[in-house]
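Trainee: Contents are compact mmCIF, C-alpha atoms; file name entry23.txt:
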```txt
# COMPACT_ATOMS: atom_id res chain seq x y z
CA MET A 11 40.22 -10.86 4.75
CA LYS A 12 42.99 -12.99 6.25
CA PHE A 13 43.32 -11.75 9.84
CA CYS A 14 40.91 -10.75 12.61
CA SER A 15 40.62 -6.96 12.80
CA GLU A 16 39.89 -7.22 16.53
CA CYS A 17 42.71 -9.51 17.74
CA GLY A 18 45.10 -9.93 14.77
CA GLN A 19 44.87 -13.75 14.62
CA PRO A 20 44.16 -15.64 11.34
CA VAL A 21 40.47 -16.01 10.45
CA VAL A 22 38.72 -19.01 8.92
CA LEU A 23 35.75 -19.12 6.53
CA ARG A 24 32.79 -21.01 7.97
CA ILE A 25 29.03 -20.80 8.47
CA PRO A 26 28.33 -19.57 12.02
CA ALA A 27 25.60 -21.30 14.07
CA GLY A 28 22.18 -19.97 13.05
CA ASP A 29 23.57 -18.37 9.90
CA HIS A 30 23.23 -19.51 6.28
CA LEU A 31 26.34 -18.11 4.56
CA PRO A 32 30.07 -18.59 5.13
CA ARG A 33 31.63 -15.70 7.09
CA HIS A 34 35.14 -14.86 8.14
CA VAL A 35 35.22 -16.05 11.76
CA CYS A 36 38.06 -15.65 14.28
CA PRO A 37 38.68 -18.92 16.18
CA ALA A 38 40.79 -16.98 18.73
CA CYS A 39 38.31 -14.31 19.89
CA GLY A 40 35.06 -15.49 18.26
CA THR A 41 34.38 -12.33 16.24
CA ILE A 42 32.28 -12.85 13.12
CA HIS A 43 33.26 -10.46 10.31
CA TYR A 44 30.42 -9.54 7.95
CA ARG A 45 30.91 -8.03 4.53
CA ASN A 46 27.99 -6.19 2.94
CA PRO A 47 27.17 -4.20 -0.20
CA LYS A 48 28.17 -0.55 -0.39
CA VAL A 49 25.96 2.44 -1.11
CA ILE A 50 26.97 4.98 -3.73
CA VAL A 51 25.24 8.36 -3.59
CA GLY A 52 25.25 11.09 -6.18
CA CYS A 53 23.37 14.04 -7.59
CA VAL A 54 22.74 15.74 -10.91
CA PRO A 55 23.59 19.41 -10.18
CA GLU A 56 21.44 21.79 -12.26
CA TRP A 57 22.15 25.37 -13.23
CA GLU A 58 19.45 26.85 -15.48
CA ASP A 59 19.12 24.42 -18.42
CA ARG A 60 22.46 22.74 -17.89
CA ILE A 61 23.87 20.04 -15.60
CA LEU A 62 27.33 19.68 -14.11
CA MET A 63 29.45 16.86 -15.48
CA CYS A 64 32.91 15.72 -14.36
CA ARG A 65 35.67 14.01 -16.32
CA ARG A 66 37.25 11.40 -14.07
CA ALA A 67 40.86 12.11 -13.09
CA ILE A 68 41.16 8.80 -11.25
CA GLU A 69 40.66 5.13 -11.94
CA PRO A 70 38.43 3.32 -12.59
CA ARG A 71 37.17 4.76 -15.89
CA LEU A 72 39.80 7.55 -15.92
CA GLY A 73 38.94 10.11 -18.61
CA LEU A 74 35.25 9.17 -18.83
CA TRP A 75 32.36 11.36 -17.68
CA THR A 76 30.03 11.24 -14.69
CA PHE A 77 28.05 13.51 -12.41
CA PRO A 78 29.33 13.72 -8.81
CA ALA A 79 28.88 10.41 -6.96
CA GLY A 80 30.76 8.34 -4.43
CA PHE A 81 30.56 6.05 -1.42
CA LEU A 82 28.14 6.98 1.35
CA GLU A 83 30.06 7.63 4.58
CA LEU A 84 29.14 6.59 8.13
CA GLY A 85 26.61 8.95 9.72
CA GLU A 86 25.35 10.48 6.46
CA THR A 87 21.98 10.52 4.78
CA SER A 88 22.01 9.90 1.02
CA GLY A 89 21.33 13.59 0.41
CA GLN A 90 24.13 14.73 2.71
CA GLY A 91 26.56 12.35 1.02
CA ALA A 92 25.49 13.47 -2.45
CA ALA A 93 26.04 17.13 -1.52
CA ARG A 94 29.48 16.31 -0.11
CA GLU A 95 30.43 14.51 -3.32
CA ALA A 96 29.34 17.54 -5.40
CA MET A 97 31.79 19.68 -3.42
CA GLU A 98 34.59 17.10 -3.45
CA GLU A 99 34.37 16.14 -7.10
CA ALA A 100 33.11 19.32 -8.76
CA GLY A 101 33.85 22.10 -6.27
CA THR A 102 30.23 23.17 -6.24
CA GLU A 103 27.75 23.82 -3.46
CA VAL A 104 24.29 22.36 -4.07
CA GLU A 105 20.87 22.34 -2.52
CA ILE A 106 19.91 18.69 -2.58
CA GLY A 107 16.52 17.79 -4.04
CA GLU A 108 14.47 14.65 -4.12
CA LEU A 109 15.78 11.12 -4.54
CA PHE A 110 14.91 10.13 -8.12
CA VAL A 111 16.94 7.00 -8.95
CA VAL A 112 17.61 3.76 -7.06
CA ILE A 113 19.72 1.17 -8.90
CA ASN A 114 20.74 -2.25 -7.61
CA VAL A 115 24.05 -3.46 -9.06
CA PRO A 116 24.39 -6.88 -7.47
CA TYR A 117 27.31 -8.02 -9.64
CA VAL A 118 29.53 -5.50 -7.87
CA SER A 119 27.50 -5.51 -4.60
CA GLN A 120 26.56 -1.85 -4.93
CA LEU A 121 23.40 0.18 -4.49
CA TYR A 122 23.13 3.62 -6.14
CA LEU A 123 20.91 6.42 -4.79
CA ILE A 124 20.80 9.52 -7.02
CA HIS A 125 19.24 12.85 -6.05
CA ARG A 126 18.22 15.95 -7.94
CA ALA A 127 20.22 19.05 -6.96
CA ARG A 128 20.28 22.82 -7.62
CA MET A 129 23.64 24.58 -7.75
CA LYS A 130 23.64 27.58 -5.42
CA ALA A 131 25.87 29.51 -7.85
CA PRO A 132 27.60 28.81 -11.17
CA THR A 133 30.78 28.15 -9.20
CA PHE A 134 32.71 24.93 -9.85
CA GLY A 135 36.03 23.68 -11.07
CA PRO A 136 38.45 20.78 -11.42
CA THR A 137 39.40 18.78 -8.33
CA ILE A 138 41.73 15.93 -7.40
CA GLU A 139 39.04 13.56 -8.67
CA SER A 140 37.93 15.48 -11.79
CA SER A 141 40.25 16.78 -14.51
CA GLU A 142 37.43 18.83 -16.08
CA VAL A 143 34.10 20.02 -14.69
CA VAL A 144 31.68 21.37 -17.29
CA LEU A 145 28.08 22.66 -17.38
CA MET A 146 26.42 20.80 -20.27
CA ARG A 147 23.14 21.09 -22.10
CA GLU A 148 21.41 17.79 -22.89
CA ASP A 149 22.72 17.81 -26.47
CA GLU A 150 26.27 18.14 -25.16
CA ILE A 151 26.24 15.02 -22.97
CA PRO A 152 28.93 12.59 -24.23
CA TRP A 153 26.67 9.53 -24.13
CA ASP A 154 29.37 7.23 -25.53
CA GLN A 155 31.89 8.36 -22.91
CA ILE A 156 29.89 7.89 -19.70
CA ALA A 157 31.90 6.20 -16.96
CA PHE A 158 29.37 3.68 -15.61
CA PRO A 159 26.03 2.13 -16.68
CA THR A 160 24.42 3.47 -13.48
CA ILE A 161 25.37 7.03 -14.43
CA TRP A 162 24.14 6.55 -18.01
CA HIS A 163 20.75 5.22 -16.85
CA SER A 164 20.39 7.99 -14.24
CA LEU A 165 21.02 10.66 -16.89
CA LYS A 166 18.49 9.04 -19.21
CA PHE A 167 15.89 9.08 -16.41
CA PHE A 168 16.78 12.70 -15.63
CA PHE A 169 16.25 13.95 -19.18
CA ALA A 170 13.17 11.78 -19.73
CA ASP A 171 11.61 13.33 -16.62
CA ARG A 172 12.51 16.80 -17.85
CA ALA A 173 11.01 16.08 -21.28
CA ALA A 174 7.84 14.89 -19.57
CA GLY A 175 7.56 18.22 -17.77
CA GLY A 176 8.73 17.33 -14.28
CA GLY A 177 9.74 14.69 -11.79
CA ALA A 178 8.17 11.28 -12.03
CA GLY A 179 8.97 10.01 -8.55
CA VAL A 180 11.70 7.46 -8.02
CA HIS A 181 12.96 5.31 -10.88
CA VAL A 182 14.00 1.86 -9.63
CA LEU A 183 16.25 -0.37 -11.73
CA ASP A 184 18.07 -3.66 -11.20
CA LEU A 185 21.15 -4.12 -13.38
CA ALA A 186 20.90 -7.84 -13.03
CA GLN A 187 24.06 -8.95 -14.78
CA ARG A 188 27.35 -7.45 -15.75
CA PRO A 189 27.31 -6.57 -19.44
CA ARG A 190 30.54 -7.70 -21.12
CA ARG A 191 29.97 -6.40 -24.62
CA PRO A 192 27.95 -3.39 -25.83
CA GLU A 193 25.28 -5.58 -27.44
CA GLN A 194 24.67 -7.18 -24.00
CA ALA A 195 23.70 -3.90 -22.37
CA GLU A 196 20.18 -4.06 -20.94
CA VAL A 197 19.25 -0.89 -22.81
CA PRO A 198 20.75 -0.28 -26.27
CA GLY A 199 23.55 2.25 -26.07
CA ALA A 200 24.24 1.87 -22.33
CA PRO A 201 27.95 1.59 -21.49
CA VAL A 202 29.41 -1.73 -20.35
CA MET B 12 39.20 -2.17 14.16
CA LYS B 13 42.59 -2.73 15.80
CA PHE B 14 44.49 -4.95 13.35
CA CYS B 15 44.93 -5.08 9.57
CA SER B 16 42.69 -7.77 8.09
CA GLU B 17 45.18 -8.28 5.25
CA CYS B 18 48.48 -8.67 7.16
CA GLY B 19 47.54 -8.88 10.87
CA GLN B 20 49.65 -5.88 11.99
CA PRO B 21 48.21 -3.04 14.16
CA VAL B 22 46.41 -0.28 12.26
CA VAL B 23 46.48 3.46 12.92
CA LEU B 24 43.74 6.04 12.40
CA ARG B 25 44.76 8.79 9.96
CA ILE B 26 43.57 10.75 6.94
CA PRO B 27 45.07 9.16 3.80
CA ALA B 28 46.51 11.47 1.11
CA GLY B 29 43.70 12.86 -1.06
CA ASP B 30 41.04 11.78 1.45
CA HIS B 31 39.05 13.93 3.87
CA LEU B 32 38.18 11.58 6.74
CA PRO B 33 40.30 9.50 9.14
CA ARG B 34 40.53 5.84 8.09
CA HIS B 35 42.09 2.77 9.64
CA VAL B 36 45.38 2.50 7.73
CA CYS B 37 47.98 -0.27 7.99
CA PRO B 38 51.51 1.17 8.23
CA ALA B 39 52.93 -2.29 7.49
CA CYS B 40 51.21 -3.14 4.19
CA GLY B 41 49.55 0.20 3.29
CA THR B 42 45.98 -1.11 3.12
CA ILE B 43 43.28 1.50 3.82
CA HIS B 44 40.25 0.01 5.57
CA TYR B 45 36.95 1.77 4.80
CA ARG B 46 33.82 1.41 6.88
CA ASN B 47 30.50 2.30 5.26
CA PRO B 48 26.80 2.30 6.10
CA LYS B 49 24.85 -0.93 5.81
CA VAL B 50 21.70 -1.60 3.80
CA ILE B 51 18.71 -3.28 5.42
CA VAL B 52 16.12 -4.76 3.08
CA GLY B 53 12.67 -5.99 3.91
CA CYS B 54 9.18 -6.60 2.59
CA VAL B 55 5.57 -6.45 3.75
CA PRO B 56 4.22 -9.91 2.76
CA GLU B 57 0.51 -9.73 1.85
CA TRP B 58 -2.08 -12.50 1.88
CA GLU B 59 -5.55 -11.28 0.97
CA ASP B 60 -6.30 -8.39 3.36
CA ARG B 61 -3.64 -9.33 5.90
CA ILE B 62 0.12 -8.88 6.23
CA LEU B 63 2.69 -11.14 7.82
CA MET B 64 4.25 -9.93 11.06
CA CYS B 65 7.03 -11.52 13.12
CA ARG B 66 7.73 -11.30 16.85
CA ARG B 67 11.49 -11.01 17.30
CA ALA B 68 13.11 -14.01 18.99
CA ILE B 69 16.52 -12.32 19.04
CA GLU B 70 18.07 -9.09 20.26
CA PRO B 71 17.83 -6.23 19.65
CA ARG B 72 14.19 -5.54 20.48
CA LEU B 73 13.47 -9.14 21.47
CA GLY B 74 9.71 -9.69 21.81
CA LEU B 75 8.73 -6.72 19.66
CA TRP B 76 7.12 -6.92 16.22
CA THR B 77 8.41 -6.38 12.69
CA PHE B 78 7.89 -7.54 9.13
CA PRO B 79 10.78 -9.59 7.66
CA ALA B 80 13.89 -7.44 7.16
CA GLY B 81 17.64 -7.83 7.50
CA PHE B 82 21.05 -6.92 6.13
CA LEU B 83 21.52 -7.00 2.37
CA GLU B 84 24.14 -9.62 1.44
CA LEU B 85 26.90 -9.40 -1.16
CA GLY B 86 25.63 -10.10 -4.68
CA GLU B 87 21.95 -9.48 -3.96
CA THR B 88 19.45 -6.96 -5.25
CA SER B 89 17.20 -5.37 -2.63
CA GLY B 90 14.30 -7.49 -3.85
CA GLN B 91 16.28 -10.73 -3.69
CA GLY B 92 17.46 -9.90 -0.19
CA ALA B 93 13.95 -9.02 0.94
CA ALA B 94 12.60 -12.35 -0.38
CA ARG B 95 15.40 -14.24 1.38
CA GLU B 96 14.58 -12.52 4.67
CA ALA B 97 10.89 -13.44 4.30
CA MET B 98 11.91 -17.10 4.09
CA GLU B 99 14.51 -16.89 6.88
CA GLU B 100 12.43 -14.92 9.36
CA ALA B 101 8.89 -16.01 8.57
CA GLY B 102 9.24 -19.28 6.62
CA THR B 103 7.24 -17.88 3.73
CA GLU B 104 7.85 -17.72 0.01
CA VAL B 105 7.00 -14.38 -1.58
CA GLU B 106 6.81 -12.77 -4.97
CA ILE B 107 8.59 -9.47 -4.48
CA GLY B 108 6.83 -6.33 -5.66
CA GLU B 109 7.89 -2.74 -6.07
CA LEU B 110 10.20 -0.81 -3.80
CA PHE B 111 7.96 1.55 -1.82
CA VAL B 112 10.02 2.88 1.09
CA VAL B 113 13.57 4.29 1.35
CA ILE B 114 14.62 5.49 4.81
CA ASN B 115 17.98 7.01 5.75
CA VAL B 116 18.93 6.34 9.37
CA PRO B 117 22.25 8.18 9.65
CA TYR B 118 22.52 7.92 13.45
CA VAL B 119 23.08 4.17 13.08
CA SER B 120 24.62 4.42 9.57
CA GLN B 121 21.82 2.38 8.01
CA LEU B 122 19.72 2.66 4.88
CA TYR B 123 16.38 0.79 4.70
CA LEU B 124 14.79 -0.36 1.42
CA ILE B 125 11.33 -1.90 1.82
CA HIS B 126 9.40 -3.71 -0.95
CA ARG B 127 5.83 -4.80 -1.39
CA ALA B 128 5.40 -8.61 -1.58
CA ARG B 129 2.74 -11.20 -2.26
CA MET B 130 2.83 -14.49 -0.36
CA LYS B 131 2.67 -17.43 -2.77
CA ALA B 132 0.64 -19.44 -0.25
CA PRO B 133 -0.61 -18.95 3.33
CA THR B 134 2.37 -20.98 4.50
CA PHE B 135 4.59 -19.58 7.26
CA GLY B 136 5.75 -20.26 10.77
CA PRO B 137 8.17 -19.48 13.57
CA THR B 138 11.89 -19.53 12.85
CA ILE B 139 15.15 -19.11 14.76
CA GLU B 140 14.66 -15.37 14.44
CA SER B 141 10.89 -15.15 15.08
CA SER B 142 9.09 -16.67 18.05
CA GLU B 143 5.67 -16.00 16.46
CA VAL B 144 4.67 -15.32 12.86
CA VAL B 145 1.11 -14.06 12.40
CA LEU B 146 -1.09 -12.81 9.55
CA MET B 147 -2.64 -9.56 10.79
CA ARG B 148 -5.34 -7.21 9.58
CA GLU B 149 -4.57 -3.50 9.87
CA ASP B 150 -6.61 -3.21 13.09
CA GLU B 151 -4.54 -6.01 14.65
CA ILE B 152 -1.13 -4.34 14.18
CA PRO B 153 0.47 -3.79 17.63
CA TRP B 154 1.52 -0.21 16.93
CA ASP B 155 2.94 0.30 20.41
CA GLN B 156 5.06 -2.85 20.15
CA ILE B 157 6.84 -2.29 16.84
CA ALA B 158 10.56 -3.09 16.99
CA PHE B 159 12.06 -0.12 15.12
CA PRO B 160 10.97 3.36 13.95
CA THR B 161 11.80 2.36 10.34
CA ILE B 162 9.35 -0.54 10.52
CA TRP B 163 6.66 1.64 12.10
CA HIS B 164 6.99 4.32 9.40
CA SER B 165 7.01 1.70 6.62
CA LEU B 166 3.80 0.16 7.95
CA LYS B 167 2.17 3.59 8.16
CA PHE B 168 3.13 4.26 4.52
CA PHE B 169 1.83 0.83 3.52
CA PHE B 170 -1.61 1.30 5.05
CA ALA B 171 -1.87 4.93 3.90
CA ASP B 172 -1.19 3.77 0.33
CA ARG B 173 -3.80 1.05 0.69
CA ALA B 174 -6.35 3.51 2.06
CA ALA B 175 -5.62 5.78 -0.92
CA GLY B 176 -6.46 2.95 -3.28
CA GLY B 177 -3.05 1.82 -4.42
CA GLY B 178 0.67 2.38 -4.51
CA ALA B 179 1.96 5.95 -4.43
CA GLY B 180 5.48 5.33 -5.69
CA VAL B 181 8.42 5.39 -3.32
CA HIS B 182 8.18 7.12 0.06
CA VAL B 183 11.51 8.67 1.05
CA LEU B 184 12.24 9.59 4.64
CA ASP B 185 15.29 10.76 6.61
CA LEU B 186 15.19 9.91 10.31
CA ALA B 187 17.61 12.69 11.04
CA GLN B 188 18.22 12.14 14.72
CA ARG B 189 17.87 9.36 17.23
CA PRO B 190 14.72 9.85 19.28
CA ARG B 191 15.44 9.24 22.97
CA ARG B 192 11.97 9.73 24.41
CA PRO B 193 8.57 9.07 22.84
CA GLU B 194 7.75 12.80 22.64
CA GLN B 195 10.88 13.30 20.51
CA ALA B 196 9.71 10.95 17.78
CA GLU B 197 9.46 12.75 14.45
CA VAL B 198 5.90 11.53 14.00
CA PRO B 199 3.65 11.26 17.09
CA GLY B 200 3.38 7.64 18.18
CA ALA B 201 6.46 6.37 16.38
CA PRO B 202 8.62 4.08 18.52
CA VAL B 203 11.97 5.30 19.84
```
Now, as a test, write the supplied structure out as structure tokens.
Mentor:
Amino acid sequence: MKFCSECGQPVVLRIPAGDHLPRHVCPACGTIHYRNPKVIVGCVPEWEDRILMCRRAIEPRLGLWTFPAGFLELGETSGQGAAREAMEEAGTEVEIGELFVVINVPYVSQLYLIHRARMKAPTFGPTIESSEVVLMREDEIPWDQIAFPTIWHSLKFFFADRAAGGGAGVHVLDLAQRPRRPEQAEVPGAPV
Amino acid sequence: MKFCSECGQPVVLRIPAGDHLPRHVCPACGTIHYRNPKVIVGCVPEWEDRILMCRRAIEPRLGLWTFPAGFLELGETSGQGAAREAMEEAGTEVEIGELFVVINVPYVSQLYLIHRARMKAPTFGPTIESSEVVLMREDEIPWDQIAFPTIWHSLKFFFADRAAGGGAGVHVLDLAQRPRRPEQAEVPGAPV
């Protein structure tokens, strides 16, 4: 941020009175501009024994696989946002189920909330964001081609819950540091 | 938002190519400015059979009661942010426990994440943000003077869990619409 979004004058970085962190402050109009982490919402759409996976048609991680997920928009609940992403990224209509994963990713200032979801019909297809959309059984998941660690961990929780015979509440995970090489992943096999 | 924070020129509101919602776009430099919901993190600090409550010294809801909570900052996990808020608002050092409440508040584009917490010592006091900081037993909680519905619901979950003999995982709640009168609260007695 270089200019005040309210008055267009240059901003400076300083700690406002009563605050504890430097903020972008406008000396002209006094506006304090806060920047905060973003929320990413997603769902694992189920149809019978398979789940809907998308191959990314856009950067980052173009060509790698994910379930539908994206930034929460103003005015949405996490479930509403997750359902919207399922339509936008996979062209499928879902009934959103329970929240089952919360992951803090402080090194990119993101928070992931992942829901269960039931597809209303086996209707789906490629979109601007997904070059391929495929229903996969667990043994078809391309574990070494998953786009993000958060997606990999969420899928592992999903299938572990299924193996255990049902939901196990909400799995909470902090990905405390950015892995730079595969052997630094917090769980062996997780993408970096 | 009226001006581009990157180049200082006036922005316009339009739907970018491939997007589905109007965004503030800069015709001069092409930057798309996204606005997203904010995350509020907090904790219920425990000391023996009491919890630490703060009377707000600042707007909004000046004079009403809350436990420590505030906006998640860049680079933090929800637990780290909740511990920071306990120090800033109540002057107390806590050991953060499990996440136990997630509340969507779409009508103000906020997401609340509330953790359990243990105070490391019975040390606390008023701060810039809190005119009074008090250890309270359950029967001392001023239920009709709680600052926000999210705080009220979180406290209800906290004491219900305690009455049931322990944690019950993560409580997930959507406050789907803004209550305008007490009788419109989604749970009888919740603040509006």
Trainee: At a cut-off of 8 Å, which residues of chain A touch chain B? Count only C-alpha atoms and give the answer as number ranges by chain.
Mentor: A: 11-20, 28, 45-49, 81-88, 109, 114-119, 138, 179-180, 182, 184, 186
Trainee: Which polymer residues have any atom within 10 Å of an atom of segment 57-59 of chain B, counting only C-alpha atoms, with same-chain residues fewer than 2 positions away left out, as a ChimeraX atom specification?
Mentor: /B:54-55,61-64,105-106,127-134,146-148
Trainee: Could you state the separation of atom CA of Ala68 of chain B and atom CA of Glu104 of chain B in Å, given to one decimal place?
Mentor: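 Atom CA of Glu104 of chain B lies 20.0 Å from atom CA of Ala68 of chain B.
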Trainee: Return as AutoDock Vina command-line options the box centre and box size in Å, one decimal, for an axis-aligned box around all listed atoms of segment 55-71 of chain A padded by 4 Å per side.
Mentor:
```
--center_x 30.1 --center_y 15.1 --center_z -14.3 --size_x 30.0 --size_y 31.5 --size_z 16.2
```
Trainee: Restricting the calculation to only C-alpha atoms, which member of A:Thr102, A:Thr137, A:Thr76, A:Thr41 is positioned closest to Pro201 of chain A?
Mentor: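 Comparing A:Thr102, A:Thr137, A:Thr76, A:Thr41 against Pro201 of chain A, the winner is A:Thr76.
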Trainee: What is the atom CA of Lys166 of chain A-atom CA of Asp149 of chain A distance in Å, reported with one decimal?
Mentor: 12.1 Å
Trainee: What's the separation between atom CA of Trp162 of chain A and atom CA of Ile106 of chain A, in Å to one decimal place?
Mentor: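 Atom CA of Trp162 of chain A sits 20.1 Å away from atom CA of Ile106 of chain A.
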Trainee: Have a look at B:Pro79, B:Ile162, B:Gly102, B:Arg189 and name the one nearest to Cys65 of chain B; count all atoms listed in the file.
Mentor: B:Pro79
